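For reference, final_0.txt (compact mmCIF, C-alpha atoms):
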# COMPACT_ATOMS: atom_id res chain seq x y z
CA MET A 1383 -114.96 65.67 -114.71
CA THR A 1384 -117.58 63.00 -114.15
CA SER A 1385 -119.34 62.43 -110.85
CA SER A 1386 -117.70 60.47 -108.07
CA SER A 1387 -119.61 57.80 -106.17
CA LEU A 1388 -120.51 57.72 -102.48
CA ARG A 1389 -120.73 54.43 -100.64
CA LYS A 1390 -121.81 53.78 -97.07
CA LEU A 1391 -119.41 51.36 -95.39
CA THR A 1392 -120.74 51.40 -91.82
CA GLU A 1393 -123.09 53.46 -89.68
CA HIS A 1394 -120.29 55.99 -89.18
CA VAL A 1395 -118.17 55.68 -92.34
CA GLN A 1396 -118.81 56.74 -95.94
CA ARG A 1397 -116.42 56.47 -98.85
CA ILE A 1398 -116.02 58.75 -101.88
CA GLU A 1399 -114.62 56.80 -104.83
CA TYR A 1400 -113.33 57.93 -108.20
CA CYS A 1401 -111.20 56.05 -110.77
CA GLY A 1402 -110.00 53.51 -108.23
CA MET A 1403 -109.00 56.09 -105.61
CA PHE A 1404 -110.98 56.89 -102.46
CA VAL A 1405 -111.20 58.90 -99.27
CA ASP A 1406 -113.13 57.87 -96.18
CA LEU A 1407 -115.34 60.21 -94.11
CA VAL A 1408 -115.92 59.25 -90.48
CA ARG A 1409 -118.76 60.92 -88.57
CA THR A 1410 -117.65 61.71 -85.01
CA SER A 1411 -118.66 63.94 -82.10
CA LYS A 1412 -116.17 66.51 -83.42
CA GLY A 1413 -117.54 66.55 -86.96
CA PHE A 1414 -116.36 64.59 -89.98
CA VAL A 1415 -112.84 63.20 -90.11
CA ARG A 1416 -111.45 62.71 -93.63
CA ILE A 1417 -108.90 59.95 -94.14
CA GLY A 1418 -106.54 60.69 -97.03
CA SER A 1419 -106.83 62.79 -100.16
CA MET A 1420 -106.91 62.54 -103.96
CA PRO A 1421 -106.99 64.92 -106.94
CA ASP A 1422 -110.12 67.11 -107.00
CA VAL A 1423 -111.12 66.00 -103.50
CA ALA A 1424 -112.45 69.50 -102.75
CA LYS A 1425 -114.95 69.17 -105.61
CA PHE A 1426 -115.98 65.67 -104.57
CA LEU A 1427 -116.63 66.79 -100.99
CA ILE A 1428 -118.88 69.59 -102.24
CA GLU A 1429 -120.61 67.20 -104.66
CA HIS A 1430 -121.65 64.96 -101.75
CA GLY A 1431 -122.30 67.69 -99.20
CA PHE A 1432 -119.39 67.11 -96.81
CA ARG A 1433 -117.41 69.59 -94.80
CA GLU A 1434 -114.71 67.88 -92.83
CA GLU A 1435 -113.05 69.47 -89.80
CA ILE A 1436 -110.16 67.04 -89.34
CA VAL A 1437 -107.91 65.52 -92.02
CA VAL A 1438 -105.74 62.44 -91.46
CA VAL A 1439 -102.55 62.68 -93.52
CA LEU A 1440 -101.51 59.23 -94.70
CA PRO A 1441 -98.02 58.12 -95.76
CA TRP A 1442 -97.45 59.40 -99.30
CA GLU A 1443 -98.39 56.82 -101.93
CA VAL A 1444 -99.03 56.93 -105.67
CA THR A 1445 -101.00 54.74 -108.06
CA LEU A 1446 -101.53 54.95 -111.81
CA ALA A 1447 -104.55 57.16 -111.04
CA GLY A 1448 -102.85 59.66 -108.75
CA ASP A 1449 -101.42 60.23 -105.28
CA ASN A 1450 -102.94 60.78 -101.85
CA ARG A 1451 -101.54 64.27 -101.21
CA THR A 1452 -102.63 66.09 -104.36
CA GLY A 1453 -105.96 67.71 -103.55
CA GLU A 1454 -105.06 69.57 -100.36
CA GLU A 1455 -104.02 72.82 -102.06
CA PHE A 1456 -107.58 73.43 -103.24
CA ILE A 1457 -109.02 72.35 -99.91
CA LEU A 1458 -107.12 75.36 -98.54
CA TRP A 1459 -108.04 77.64 -101.45
CA GLN A 1460 -111.70 76.82 -100.82
CA ALA A 1461 -111.22 77.73 -97.16
CA GLN A 1462 -109.52 81.00 -98.10
CA ILE A 1463 -112.15 81.90 -100.70
CA ARG A 1464 -115.20 80.92 -98.65
CA GLY A 1465 -113.93 81.42 -95.13
CA GLY A 1466 -114.74 79.16 -92.21
CA ILE A 1467 -112.61 77.37 -89.65
CA ARG A 1468 -109.08 76.09 -89.94
CA LYS A 1469 -108.62 72.39 -90.46
CA GLU A 1470 -106.85 70.10 -88.04
CA TYR A 1471 -104.27 67.99 -89.93
CA VAL A 1472 -103.41 64.81 -88.04
CA GLY A 1473 -100.81 62.13 -88.74
CA LEU A 1474 -97.30 60.92 -88.16
CA ARG A 1475 -94.83 63.77 -87.81
CA GLU A 1476 -93.01 63.09 -91.10
CA ASP A 1477 -96.26 62.97 -93.06
CA VAL A 1478 -97.84 66.12 -91.61
CA GLU A 1479 -94.65 68.14 -91.84
CA GLN A 1480 -93.98 66.99 -95.41
CA LEU A 1481 -97.47 67.98 -96.56
CA HIS A 1482 -97.17 71.32 -94.76
CA SER A 1483 -93.77 71.98 -96.35
CA ASN A 1484 -95.07 71.24 -99.85
CA LEU A 1485 -98.09 73.50 -99.40
CA GLU A 1486 -95.83 76.24 -98.06
CA ARG A 1487 -93.99 76.31 -101.39
CA ILE A 1488 -97.15 77.07 -103.36
CA PHE A 1489 -100.26 78.11 -101.41
CA PRO A 1490 -99.32 81.35 -99.59
CA TYR A 1491 -98.42 83.40 -102.69
CA PHE A 1492 -100.79 86.02 -104.06
CA PHE A 1493 -100.83 89.51 -105.56
CA ASP A 1494 -100.64 92.66 -103.48
CA ASP A 1495 -103.70 94.89 -103.27
CA ASP A 1496 -102.87 96.51 -106.62
CA ASN A 1497 -102.38 93.16 -108.43
CA ILE A 1498 -98.82 94.19 -109.31
CA LYS A 1499 -96.38 92.35 -107.05
CA VAL A 1500 -96.33 88.75 -105.83
CA VAL A 1501 -96.41 88.71 -102.03
CA ARG A 1502 -96.37 86.00 -99.40
CA LYS A 1503 -99.45 85.70 -97.19
CA ASP A 1504 -99.86 84.12 -93.75
CA TRP A 1505 -102.70 81.92 -95.00
CA LEU A 1506 -101.18 78.53 -94.27
CA LYS A 1507 -101.03 79.29 -90.56
CA THR A 1508 -104.68 80.37 -90.76
CA TRP A 1509 -106.04 77.23 -92.42
CA PHE A 1510 -103.58 74.42 -91.66
CA HIS A 1511 -103.06 73.37 -88.03
CA HIS A 1512 -100.42 70.71 -87.24
CA ASN A 1513 -101.42 67.84 -84.99
CA VAL A 1514 -98.87 65.06 -84.67
CA ALA A 1515 -100.35 61.72 -83.63
CA ASP A 1516 -97.58 60.73 -81.23
CA PRO A 1517 -98.83 58.10 -80.69
CA CYS A 1518 -102.44 59.42 -80.77
CA TYR A 1519 -104.27 62.70 -81.35
CA ARG A 1520 -106.99 63.47 -78.80
CA ASN A 1521 -109.78 66.02 -78.98
CA GLY A 1522 -112.27 65.50 -76.17
CA ASN A 1523 -113.75 62.02 -76.62
CA LEU A 1524 -112.22 61.70 -80.08
CA GLU A 1525 -108.99 59.75 -80.51
CA ILE A 1526 -107.08 59.18 -83.76
CA CYS A 1527 -104.13 56.80 -83.70
CA CYS A 1528 -101.74 56.49 -86.65
CA GLY A 1529 -98.97 53.95 -86.93
CA GLY A 1530 -98.11 50.44 -87.96
CA GLY A 1531 -99.68 51.07 -91.34
CA ASN A 1532 -103.11 51.67 -89.80
CA VAL A 1533 -105.41 54.52 -88.80
CA VAL A 1534 -107.88 53.94 -85.97
CA VAL A 1535 -110.58 56.47 -85.07
CA SER A 1536 -112.33 56.07 -81.72
CA ASP A 1537 -115.02 58.21 -80.13
CA GLY A 1538 -116.07 57.83 -76.50
CA GLY A 1539 -114.16 54.55 -76.33
CA GLN A 1540 -115.94 53.08 -79.38
CA VAL A 1541 -113.85 52.25 -82.45
CA LEU A 1542 -115.59 53.87 -85.43
CA TYR A 1543 -112.95 53.25 -88.07
CA SER A 1544 -109.97 51.00 -88.71
CA ARG A 1545 -108.35 51.58 -92.07
CA SER A 1546 -106.73 48.16 -92.21
CA GLU A 1547 -110.17 46.54 -91.88
CA LEU A 1548 -112.06 48.78 -94.30
CA ALA A 1549 -109.52 49.69 -96.98
CA ALA A 1550 -110.36 47.77 -100.13
CA VAL A 1551 -107.57 46.14 -102.12
CA GLU A 1552 -107.67 48.16 -105.31
CA ASN A 1553 -105.81 47.13 -108.45
CA THR A 1554 -105.97 50.40 -110.34
CA GLY A 1555 -103.17 49.34 -112.66
CA LYS A 1556 -105.04 46.26 -113.85
CA GLU A 1557 -108.21 48.29 -114.39
CA ILE A 1558 -106.31 50.86 -116.44
CA GLU A 1559 -104.60 48.21 -118.53
CA GLU A 1560 -107.99 46.65 -119.31
CA LEU A 1561 -109.45 50.06 -120.14
CA LEU A 1562 -106.62 50.91 -122.50
CA LYS A 1563 -107.20 47.72 -124.48
CA THR A 1564 -110.44 49.35 -125.62
CA ILE A 1565 -108.77 52.59 -126.76
CA PRO A 1566 -107.26 52.51 -130.27
CA ARG A 1567 -103.73 53.83 -130.74
CA ASP A 1568 -103.38 56.82 -133.05
CA GLY A 1569 -100.03 57.02 -134.82
CA LYS A 1570 -101.26 59.27 -137.60
CA LYS A 1571 -99.02 62.25 -138.33
CA ARG A 1572 -100.87 65.53 -138.44
CA GLU A 1573 -100.28 67.82 -141.40
CA CYS A 1574 -101.96 70.67 -139.55
CA MET A 1575 -102.10 71.56 -135.86
CA GLU A 1576 -104.94 70.14 -133.79
CA VAL A 1577 -105.93 71.15 -130.28
CA VAL A 1578 -108.42 69.20 -128.14
CA PRO A 1579 -109.51 70.63 -124.77
CA ILE A 1580 -109.65 67.75 -122.28
CA GLY A 1581 -110.81 70.16 -119.60
CA CYS A 1582 -111.63 73.87 -119.52
CA GLY A 1583 -112.36 74.34 -115.81
CA ASN A 1584 -110.19 75.18 -112.82
CA GLY A 1585 -109.47 74.08 -109.28
CA VAL A 1586 -112.99 74.76 -108.03
CA CYS A 1587 -115.20 73.75 -110.97
CA GLY A 1588 -115.22 71.25 -113.82
CA THR A 1589 -112.26 69.34 -115.19
CA VAL A 1590 -109.15 71.44 -114.70
CA ALA A 1591 -107.82 73.18 -117.80
CA ASN A 1592 -105.69 70.82 -119.90
CA PHE A 1593 -105.24 70.32 -123.63
CA ILE A 1594 -103.91 67.83 -126.13
CA PHE A 1595 -101.91 69.47 -128.93
CA ARG A 1596 -100.95 67.50 -132.07
CA PHE A 1597 -98.70 68.25 -135.00
CA GLY A 1598 -96.63 65.85 -137.10
CA GLU A 1599 -95.63 62.94 -134.87
CA TYR A 1600 -95.85 65.04 -131.70
CA VAL A 1601 -98.65 64.78 -129.15
CA ILE A 1602 -98.13 67.35 -126.38
CA TRP A 1603 -100.31 67.29 -123.28
CA ILE A 1604 -100.48 70.76 -121.75
CA ASP A 1605 -100.95 70.71 -117.93
CA PRO A 1606 -102.04 67.05 -117.59
CA CYS A 1607 -105.03 66.58 -115.29
CA GLY A 1608 -105.64 64.04 -112.55
CA TYR A 1609 -106.49 60.41 -113.39
CA PRO A 1610 -104.53 60.79 -116.66
CA ALA A 1611 -105.10 57.48 -118.45
CA GLN A 1612 -108.79 57.32 -117.53
CA THR A 1613 -109.53 60.95 -118.42
CA LEU A 1614 -107.84 60.75 -121.82
CA ALA A 1615 -109.64 57.48 -122.51
CA ARG A 1616 -112.99 59.28 -122.18
CA HIS A 1617 -111.92 61.25 -125.24
CA ASN A 1618 -110.71 58.10 -127.03
CA ILE A 1619 -107.07 59.10 -126.55
CA HIS A 1620 -104.51 56.49 -125.46
CA ILE A 1621 -102.03 57.82 -122.91
CA ASP A 1622 -99.19 56.03 -124.69
CA ASP A 1623 -99.78 58.28 -127.70
CA VAL A 1624 -98.67 61.31 -125.67
CA THR A 1625 -95.07 62.13 -126.61
CA HIS A 1626 -94.48 65.18 -124.37
CA PHE A 1627 -95.93 66.62 -121.16
CA LEU A 1628 -95.88 70.42 -120.90
CA PHE A 1629 -96.37 72.14 -117.53
CA THR A 1630 -97.00 75.89 -117.45
CA HIS A 1631 -96.58 76.34 -113.67
CA ASN A 1632 -96.74 74.65 -110.29
CA HIS A 1633 -100.26 75.32 -109.02
CA GLU A 1634 -102.02 72.07 -108.19
CA ASP A 1635 -104.72 72.41 -110.85
CA HIS A 1636 -101.95 72.46 -113.48
CA VAL A 1637 -99.83 69.57 -112.17
CA GLN A 1638 -102.60 67.20 -111.03
CA GLY A 1639 -101.53 64.50 -113.44
CA PHE A 1640 -97.80 64.63 -112.81
CA THR A 1641 -97.48 61.88 -110.19
CA ALA A 1642 -99.68 59.36 -112.01
CA SER A 1643 -97.94 60.10 -115.32
CA MET A 1644 -94.56 59.65 -113.63
CA GLN A 1645 -95.71 56.37 -112.12
CA TRP A 1646 -96.88 55.23 -115.55
CA ALA A 1647 -93.48 56.04 -117.07
CA ARG A 1648 -91.62 54.22 -114.28
CA LYS A 1649 -93.89 51.17 -114.55
CA HIS A 1650 -93.14 50.88 -118.26
CA ASN A 1651 -89.44 51.76 -117.85
CA ARG A 1652 -89.57 54.78 -120.10
CA LYS A 1653 -88.76 58.45 -119.71
CA LEU A 1654 -91.29 61.20 -119.35
CA ASN A 1655 -90.53 63.97 -121.86
CA LEU A 1656 -91.14 67.24 -120.00
CA ILE A 1657 -91.46 70.69 -121.59
CA LEU A 1658 -91.28 73.40 -118.93
CA ALA A 1659 -89.27 76.29 -117.57
CA ASP A 1660 -86.25 75.36 -115.45
CA SER A 1661 -87.72 77.07 -112.37
CA VAL A 1662 -90.94 75.05 -112.72
CA PHE A 1663 -88.93 71.84 -113.08
CA ARG A 1664 -86.83 72.56 -109.99
CA VAL A 1665 -89.99 72.98 -107.90
CA LEU A 1666 -91.37 69.70 -109.27
CA VAL A 1667 -88.14 67.96 -108.26
CA ASP A 1668 -88.13 69.54 -104.80
CA LEU A 1669 -91.76 68.66 -104.12
CA TYR A 1670 -91.95 65.16 -105.59
CA SER A 1671 -88.50 63.65 -104.98
CA PRO A 1672 -89.65 62.20 -101.62
CA LEU A 1673 -92.26 60.24 -103.59
CA PHE A 1674 -89.92 59.52 -106.53
CA PRO A 1675 -86.30 59.40 -105.35
CA ASP A 1676 -85.32 58.43 -108.92
CA LEU A 1677 -87.37 61.20 -110.53
CA GLU A 1678 -84.56 62.78 -112.54
CA GLU A 1679 -83.59 59.39 -113.97
CA HIS A 1680 -87.04 59.02 -115.52
CA VAL A 1681 -87.42 62.38 -117.25
CA GLU A 1682 -86.03 64.07 -120.34
CA VAL A 1683 -86.30 67.84 -119.97
CA PHE A 1684 -86.93 70.23 -122.86
CA SER A 1685 -86.39 73.61 -121.24
CA LEU A 1686 -88.49 76.64 -122.03
CA TYR A 1687 -86.56 79.91 -121.92
CA PRO A 1688 -89.07 82.76 -122.25
CA GLY A 1689 -87.99 85.01 -125.08
CA THR A 1690 -85.97 82.24 -126.77
CA PRO A 1691 -87.89 79.82 -129.04
CA LEU A 1692 -87.68 76.05 -128.52
CA GLN A 1693 -87.47 74.07 -131.75
CA LEU A 1694 -89.23 70.70 -131.61
CA GLY A 1695 -89.14 69.03 -135.00
CA GLU A 1696 -90.87 71.39 -137.41
CA MET A 1697 -92.58 73.21 -134.55
CA GLN A 1698 -91.39 76.33 -132.81
CA ILE A 1699 -92.55 76.93 -129.24
CA GLU A 1700 -92.24 80.48 -127.96
CA SER A 1701 -92.89 81.26 -124.31
CA ARG A 1702 -93.25 84.29 -122.08
CA TRP A 1703 -93.38 84.88 -118.35
CA ASN A 1704 -96.97 85.58 -117.40
CA HIS A 1705 -98.26 87.98 -114.77
CA HIS A 1706 -99.35 85.42 -112.20
CA ILE A 1707 -99.09 84.74 -108.47
CA LEU A 1708 -96.19 82.28 -108.15
CA PRO A 1709 -92.59 83.47 -107.68
CA TYR A 1710 -91.34 80.49 -109.72
CA GLY A 1711 -93.13 81.76 -112.81
CA SER A 1712 -95.96 80.73 -115.12
CA VAL A 1713 -95.59 80.64 -118.89
CA GLY A 1714 -97.79 81.55 -121.83
CA LEU A 1715 -97.20 79.88 -125.19
CA LYS A 1716 -97.19 80.39 -128.94
CA ILE A 1717 -96.73 77.26 -131.04
CA SER A 1718 -96.01 77.74 -134.75
CA ALA A 1719 -95.77 75.23 -137.57
CA GLY A 1720 -96.11 75.78 -141.28
CA GLU A 1721 -98.34 78.79 -141.79
CA SER A 1722 -100.32 78.40 -138.57
CA CYS A 1723 -99.89 79.58 -135.00
CA PHE A 1724 -101.68 78.59 -131.77
CA GLY A 1725 -101.61 80.81 -128.71
CA TYR A 1726 -102.15 79.73 -125.12
CA SER A 1727 -102.32 82.34 -122.40
CA GLY A 1728 -101.69 80.11 -119.41
CA ASP A 1729 -102.77 81.54 -116.07
CA THR A 1730 -102.25 85.29 -116.27
CA LYS A 1731 -103.78 88.57 -115.19
CA TYR A 1732 -104.37 90.37 -118.48
CA ASP A 1733 -105.32 93.93 -117.65
CA GLU A 1734 -104.45 96.86 -119.91
CA GLY A 1735 -104.03 99.27 -116.99
CA ILE A 1736 -101.71 96.88 -115.16
CA ASN A 1737 -99.75 96.18 -118.35
CA LYS A 1738 -98.94 99.90 -118.65
CA ILE A 1739 -97.48 99.84 -115.15
CA LEU A 1740 -95.53 96.63 -115.73
CA ASN A 1741 -94.22 97.88 -119.09
CA ARG A 1742 -93.71 94.38 -120.43
CA PRO A 1743 -94.67 94.26 -124.15
CA GLU A 1744 -94.97 90.44 -124.15
CA LEU A 1745 -98.00 90.74 -121.85
CA GLU A 1746 -99.89 92.94 -124.29
CA ALA A 1747 -102.39 91.75 -126.92
CA GLY A 1748 -99.85 92.12 -129.72
CA TRP A 1749 -97.91 89.09 -128.49
CA PHE A 1750 -100.72 86.98 -129.98
CA ALA A 1751 -100.93 88.97 -133.24
CA ALA A 1752 -99.61 86.10 -135.39
CA CYS A 1753 -101.95 83.52 -133.86
CA ASP A 1754 -104.86 82.00 -135.76
CA LEU A 1755 -106.39 80.67 -132.54
CA VAL A 1756 -105.83 81.71 -128.93
CA PHE A 1757 -107.09 79.95 -125.82
CA HIS A 1758 -107.17 82.58 -123.09
CA GLU A 1759 -107.97 82.05 -119.43
CA ILE A 1760 -111.00 84.06 -118.37
CA GLU A 1761 -112.80 85.17 -115.22
CA PHE A 1762 -116.48 86.18 -115.31
CA ASP A 1763 -117.31 87.28 -111.79
CA ASN A 1764 -114.51 89.42 -110.38
CA PRO A 1765 -112.67 92.17 -112.31
CA HIS A 1766 -110.15 92.39 -109.47
CA SER A 1767 -109.23 88.69 -109.23
CA VAL A 1768 -105.80 87.27 -110.08
CA HIS A 1769 -107.19 86.04 -113.40
CA SER A 1770 -108.21 87.83 -116.61
CA TYR A 1771 -111.63 89.49 -116.46
CA TRP A 1772 -113.71 88.72 -119.52
CA LYS A 1773 -114.11 92.39 -120.50
CA GLN A 1774 -110.33 92.68 -120.68
CA VAL A 1775 -110.11 89.54 -122.83
CA GLU A 1776 -112.83 90.99 -125.05
CA SER A 1777 -110.59 94.04 -125.51
CA LEU A 1778 -107.64 91.77 -126.35
CA GLN A 1779 -109.76 90.03 -128.99
CA SER A 1780 -110.53 93.38 -130.64
CA LYS A 1781 -106.79 94.03 -131.08
CA ILE A 1782 -105.81 90.81 -132.89
CA ASN A 1783 -107.11 89.01 -135.96
CA GLY A 1784 -107.02 85.47 -134.58
CA ARG A 1785 -109.98 83.88 -132.85
CA VAL A 1786 -109.92 83.95 -129.03
CA LEU A 1787 -111.75 81.36 -126.91
CA GLY A 1788 -112.02 81.47 -123.12
CA TYR A 1789 -111.19 78.66 -120.71
CA HIS A 1790 -110.30 78.13 -117.00
CA CYS A 1791 -113.85 79.02 -115.98
CA PRO A 1792 -117.29 77.48 -115.44
CA PHE A 1793 -119.02 76.60 -118.69
CA LEU A 1794 -121.88 79.03 -119.36
CA ALA A 1795 -124.45 78.01 -121.95
CA ASN A 1796 -125.07 81.70 -122.65
CA SER A 1797 -121.57 83.02 -122.08
CA PRO A 1798 -120.93 86.69 -122.96
CA PHE A 1799 -117.63 85.55 -124.49
CA PRO A 1800 -117.02 82.48 -126.71
CA LEU A 1801 -115.63 79.53 -124.79
CA ALA A 1802 -113.52 76.53 -125.80
CA GLU A 1803 -115.51 73.29 -125.77
CA GLU A 1804 -114.24 70.17 -124.05
CA GLY A 1805 -113.67 67.28 -126.44
CA LYS A 1806 -113.91 69.40 -129.60
CA CYS A 1807 -111.01 69.18 -132.03
CA TYR A 1808 -109.82 72.59 -133.24
CA ALA A 1809 -107.82 72.21 -136.46
CA LEU A 1810 -105.57 75.01 -137.71
CA ASP A 1811 -105.16 74.51 -141.45
As structure tokens - that is how I would like this structure written.
Amino acid sequence: MTSSSLRKLTEHVQRIEYCGMFVDLVRTSKGFVRIGSMPDVAKFLIEHGFREEIVVVLPWEVTLAGDNRTGEEFILWQAQIRGGIRKEYVGLREDVEQLHSNLERIFPYFFDDDNIKVVRKDWLKTWFHHNVADPCYRNGNLEICCGGGNVVVSDGGQVLYSRSELAAVENTGKEIEELLKTIPRDGKKRECMEVVPIGCGNGVCGTVANFIFRFGEYVIWIDPCGYPAQTLARHNIHIDDVTHFLFTHNHEDHVQGFTASMQWARKHNRKLNLILADSVFRVLVDLYSPLFPDLEEHVEVFSLYPGTPLQLGEMQIESRWNHHILPYGSVGLKISAGESCFGYSGDTKYDEGINKILNRPELEAGWFAACDLVFHEIEFDNPHSVHSYWKQVESLQSKINGRVLGYHCPFLANSPFPLAEEGKCYALD
């Protein structure tokens, strides 16, 4: 992820911009009011030193860079991880309730104290407070009015912000089309598997974990990140070369690029080839149909059934259910072609003690025994987190012959465990 830019619009208003998307921050007597959202907004706010107390939820819109709802899940995760005060979410009833409903499907799930069972927490009530602007939200001298396609923020009778006056007319689509003219198409068939990490981070640091996998005529993008066309272009990859989009699960840092990729497919009147478990697909449909009423008309689904291989050309994709914190499931992968095999852990809690309790052989190190290369999610700081502690991954590495590289973590120049490198092409020949 590259840095976003900060621009001062007025004495009271600053704008964070990234890849043609933006959010506005209005300084008021009640703290900062954020207008809108975008992928990775939590990271951008930290980058520029903001902590907003009130969020204005706009009508749901999507561009070829992303949508203005994605981003809020990790705003709440940051609140849960770091503590603080709950945020006041303000907007028209339909918009606030829709955002709340979507977050309710994903955010409150976690492990129990023993990291064994998935349980539902009361976190959304703690961090998300409804405030319907009907017609205006008032907090002391602060007034926020939403309606008629505008947002007006007043403080002590003075208008500090009017979205209709300050919102720039962005043509993200034109900018992307011009950018893509500079990116060469790559129709070369691969005789051996290639994997390129586009991002190795997570929802709180770096570019979220996502990877381009190539073999034969297939180009599979695993967990596409936000700002899809622009991010791939930084690695000299044209988005139109991607043949399939694979989603491991429904956490925001693994579906950031879905809405922009869907918008791209609809704009060019083509179908998005999706590889994912049926439960993951159903959640995508439930969450994003309000934004894309024709969603199912624009996708071709290649279903993953853990335990049953999916044949895609000369490739075989095996999947498993991981030990992770969503009731809808998260998958790990093994992709085989020719004499080579690539393993991808997906988000999972690999812990040998927990595996004995769960008694699920597919979660053990031996599942990756045939792999020449494994990318495994890794956690450095907390052995008890919902992710795989590096000492446990080190033990997994000792039990298989293939090379294991960590991802889904901050990049450490002197890491105690070898890490995958963003932009590097790993060839399995």
Would you pick out the contacts of region 1714-1722 of chain A at 6 Å or less, using only C-alpha atoms, so that residues sharing its chain but fewer than 2 positions from it are not included, and give the list as number ranges by chain?
A: 1697-1702, 1724-1728
Could you please take those selected residues and save C-alpha atoms as a short mmCIF file (atom, residue, chain, number, x, y, z; two decimals), in the frame of the given file?
data_model
loop_
_atom_site.label_atom_id
_atom_site.label_comp_id
_atom_site.auth_asym_id
_atom_site.auth_seq_id
_atom_site.Cartn_x
_atom_site.Cartn_y
_atom_site.Cartn_z
CA MET A 1697 -92.58 73.21 -134.55
CA GLN A 1698 -91.39 76.33 -132.81
CA ILE A 1699 -92.55 76.93 -129.24
CA GLU A 1700 -92.24 80.48 -127.96
CA SER A 1701 -92.89 81.26 -124.31
CA ARG A 1702 -93.25 84.29 -122.08
CA PHE A 1724 -101.68 78.59 -131.77
CA GLY A 1725 -101.61 80.81 -128.71
CA TYR A 1726 -102.15 79.73 -125.12
CA SER A 1727 -102.32 82.34 -122.40
CA GLY A 1728 -101.69 80.11 -119.41
#
One decimal place gives the CA of Glu1434 (chain A)-CA of Leu1669 (chain A) separation as 25.6 Å
To one decimal in Å, tell me the separation between CA of Val1590 (chain A) and CA of Asp1477 (chain A).
26.6 Å
Could you work out how far CA of Thr1690 (chain A) lies from CA of Phe1629 (chain A), giving the answer in Å with one decimal?
17.2 Å
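Minimum atom-to-atom distance to Leu1628 (chain A), evaluated using all atoms listed in the file, belongs to A:Pro1606 out of A:Pro1606, A:Gly1465, A:Pro1792, A:Pro1743.
Of the listed residues (A:Ser1685, A:Ser1770, A:Thr1589, A:Ser1797), A:Thr1589 comes nearest to Gly1639 (chain A); the distances count only C-alpha atoms.
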If we count only C-alpha atoms, what is near Asp1496 (chain A) at a cut-off of 12 Å, once residues fewer than 3 positions away on the same chain are taken out, given as a VMD selection string?
chain A and resid 1492 to 1493 1499 to 1501 1731 1733 1735 to 1736 1739 to 1740 1766 to 1768
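With only C-alpha atoms as the atoms that count, the residue of A:Ser1777, A:Asn1497, A:Ser1546, A:Thr1410 with the shortest distance to Gly1522 (chain A) is A:Thr1410.
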If we count only C-alpha atoms, what is near Cys1723 (chain A) at a cut-off of 12 Å, once residues fewer than 4 positions away on the same chain are taken out, given as a ChimeraX atom specification?
/A:1574-1577,1595,1597,1697-1700,1715-1719,1749-1757,1783-1785,1809-1811
Counting only C-alpha atoms, figure out which residue out of A:Ile1398, A:Ala1747, A:Cys1807, A:Leu1440 gets nearest to Glu1734 (chain A).
A:Ala1747
Selection as a PyMOL selection string: residues within 12 Å of (-101.5, 68.3, -96.2), counting only C-alpha atoms
chain A and resi 1416-1420+1436-1442+1450-1458+1469-1486+1489+1506+1509-1513
In the coordinate frame of the file, compute which residues have an atom within 7 Å of (-97.4, 61.5, -139.4) when using all atoms listed in the file, and state them as a ChimeraX atom specification.
/A:1569-1572,1598-1599
